Amino acid sequence: MPSSAPCASPHGFARWSHMTGLGLHTWSHQPLLASPIVVPRHSLYEIAPADLEAVLISHPDITDVAIAGRNGSIISEEGLIEFVAKQAGKTMTGKNWLLLLLIFIGCQARASLISSADGGSMELELVRVHGRPGEGGRGAELDLTREVISEDIRRYRMITSKRRVENAALARRKAREEDYKNGDTSMETPMIAARDYGIGQYVVELKVGTPPKKFRLIADTGSDLTWMRCMFDLRRPQHRRPGMFLPANSSTFATIPCSSDTCKVDLVELFSLAQCPAPSSPCAYDFRYTDGSSAKGIFAYETVSADLLSGGHKKLKGVLVGCSKFINQMLEPVDGVLGLANSEYSFTATAAREFGGKFSYCMVDHLSHKNLSNYLTFGSRPQPRSPLLADMRYTTLVHSRPLIPLYGVDILGMSVGGTILGIPVQVWASNSGGGTVIDSGTSLTMLVDPAYQLVFGALEASLSKYKRVDKDLGPLEYCFDSTGFKESLIPQLAIHFRDGAVFEPPVKSYVIDAAPGIKCLGLLSVRWPGHSVIGNILQQNHLWEFNIAEGKLGFAPSSCV
């Protein structure tokens with residue numbers, strides 16, 4: 001996928017890269033403010049800035065643009081946008097100006113949902129994303145396992161490098177939590193284990209825009225922003241793909257002006273940009289993480305529609321969304337992300353205020369195909385969709401820095417086979433460089449190294465009776481031939497919360513299938529100091545209830561089918 005990048009030119013002309021029958025000329029993506037690179041002159045077209053609109057019309061296959069000064073110097077991205085804004089006022093229509101601005105901003109993405117009628121409820125299906133259709137065999141499964149590990153590591157770096165909110169924003173969020181208690185209805189949406197789509201998360205399907213269009217989004221408790229992959233230029237139908245949001249086709253899509261306090265103050269927490277070429281220009285965002293991944297796009301308000309469980313229909317208006325193009329190919333099978341973080345900007349905040357301040361999900365087995373689903377629910381149900389195999393247990397949600405906006409939990413310790421391990425208490429304390437979060441968007445559970453080493457040592461003895469294999473699965477330290485494997489011989493892993501609740505996942509959630517005939521200890525070691533992550537594989541076959549209004553997390557074992 002191409003990226004907009006500065007290129008040297010002695011003429012002060014705009015240079016456009018062009019899709020041809022021979023392929024696309026691309027260049028390396030560079031972070032903002034990094035040293036610009038010089039692009040070879042072949043496959044590029046030089047045009048005068050005044051001719052930008054004509055070029056857009058006559059060359060619908062144009063994909064990228066960069067500008068250099070007349071003296072050959074590089075114009076910074078901020079200066080570039082200001083320059084184009086001046087030209088746009090002379091030569092371009094509003095719609096083409098928006099397109100051009102988005103090209104300059106990069107619009108490379110990564111980073112809504114529903115309301116109910118009185119007494120109604122709505123359901124989104126939870127789909128597991130893992131594996132590719134039509135692929136099979138040990139080699140393919142090993143490749144997919146490697147991809148899941150790689151994505152988990154990238155994601156861990158992402159969520160640990162996010163900018164943390166200021167105290168004022170925290171105070172605003174706490175004040176608004178009181179509003180959650182007013183709702184007394186519920187909504188649900190099918191949630192599917194997406195084994196058949198190639199990545200390690202779960203997805204929901206929901207309808208966005210007017211008229212509504214269905215999108216397949218990752219259900220992500222680690223993301224603030226709900227975003228969709230967007231396309232702004234309707235003259236390039238050859239670049240459209242199923243599931244791409246077309247803002248021009250929605251009558252309720254409303255951008256947020258870059259001159260507004262919402263953009264300049266509130267959305268700074270979501271990395272809104274300071275550039276504002278014109279007061280009515282859309283508020284843009286730019287996420288950049290320590291691993292080099294990046295997301296760019298614009299903020300907007302949109303309407304999301306859903307069918308309620310009661311049989312009615314409801315629209316939730318004014319939902320904050322991001323309109324993006326995503327550069328991480330791991331998420332190519334899906335259309336975006338449903339932000340479920342504990343943030344006033346996430347969909348959780350919007351839906352929780354409508355539906356009693358809580359949401360829950362029950363994740364089917366992570367190896368399930370897309371025809372098997374459970375549900376993501378906002379509000380309460382009289383009875384769970386799937387029978388619980390034990391009573392709900394509750395523990396406190398940690399709502400403090402530096403874990404915000406993630407869902408922190410207060411762990412006392414871990415045990416293996418009933419024996420409490422001697423893990424240092426600092427590992428679990430968020431005010432001492434540690435802490436633990438529960439995250440639906442991470443597949444494998446990650447433990448900071450002091451905890452990991454003790455857990456690994458306690459489980460290794462029971463696994464050593466099986467033939468160890470070396471399949472180059474990176475940080476998955478222990479893999480073995482599963483011939484003759486019996487779960488009953490593996491000691492029970494347990495997480496003990498400080499207020500007395502104990503979480504005991506099934507063995508299959510921490511001794512996982514990596515490929516046919518191969519199992520691995522499904523835990524990863526991450527650097528200390530840092531926080532540990534309870535991933536979605538460890539969460540599978542349990543109902544999880546996030547009660548934001550009361551600040552507690554409930555869980556109970558269930559088949560989730």
# chains A, B, ... in the order shown; residues from 1 in each chain; ligands from 1
>>> residues_around(residues="segment 400-416 of chain A", least_positions_apart="6", cutoff="8 Å", atoms="only C-alpha atoms", output="ChimeraX atom specification")
/A:164-165,221-222,224,341-343,423,425,428-431,435-439,455,458-459,491-498
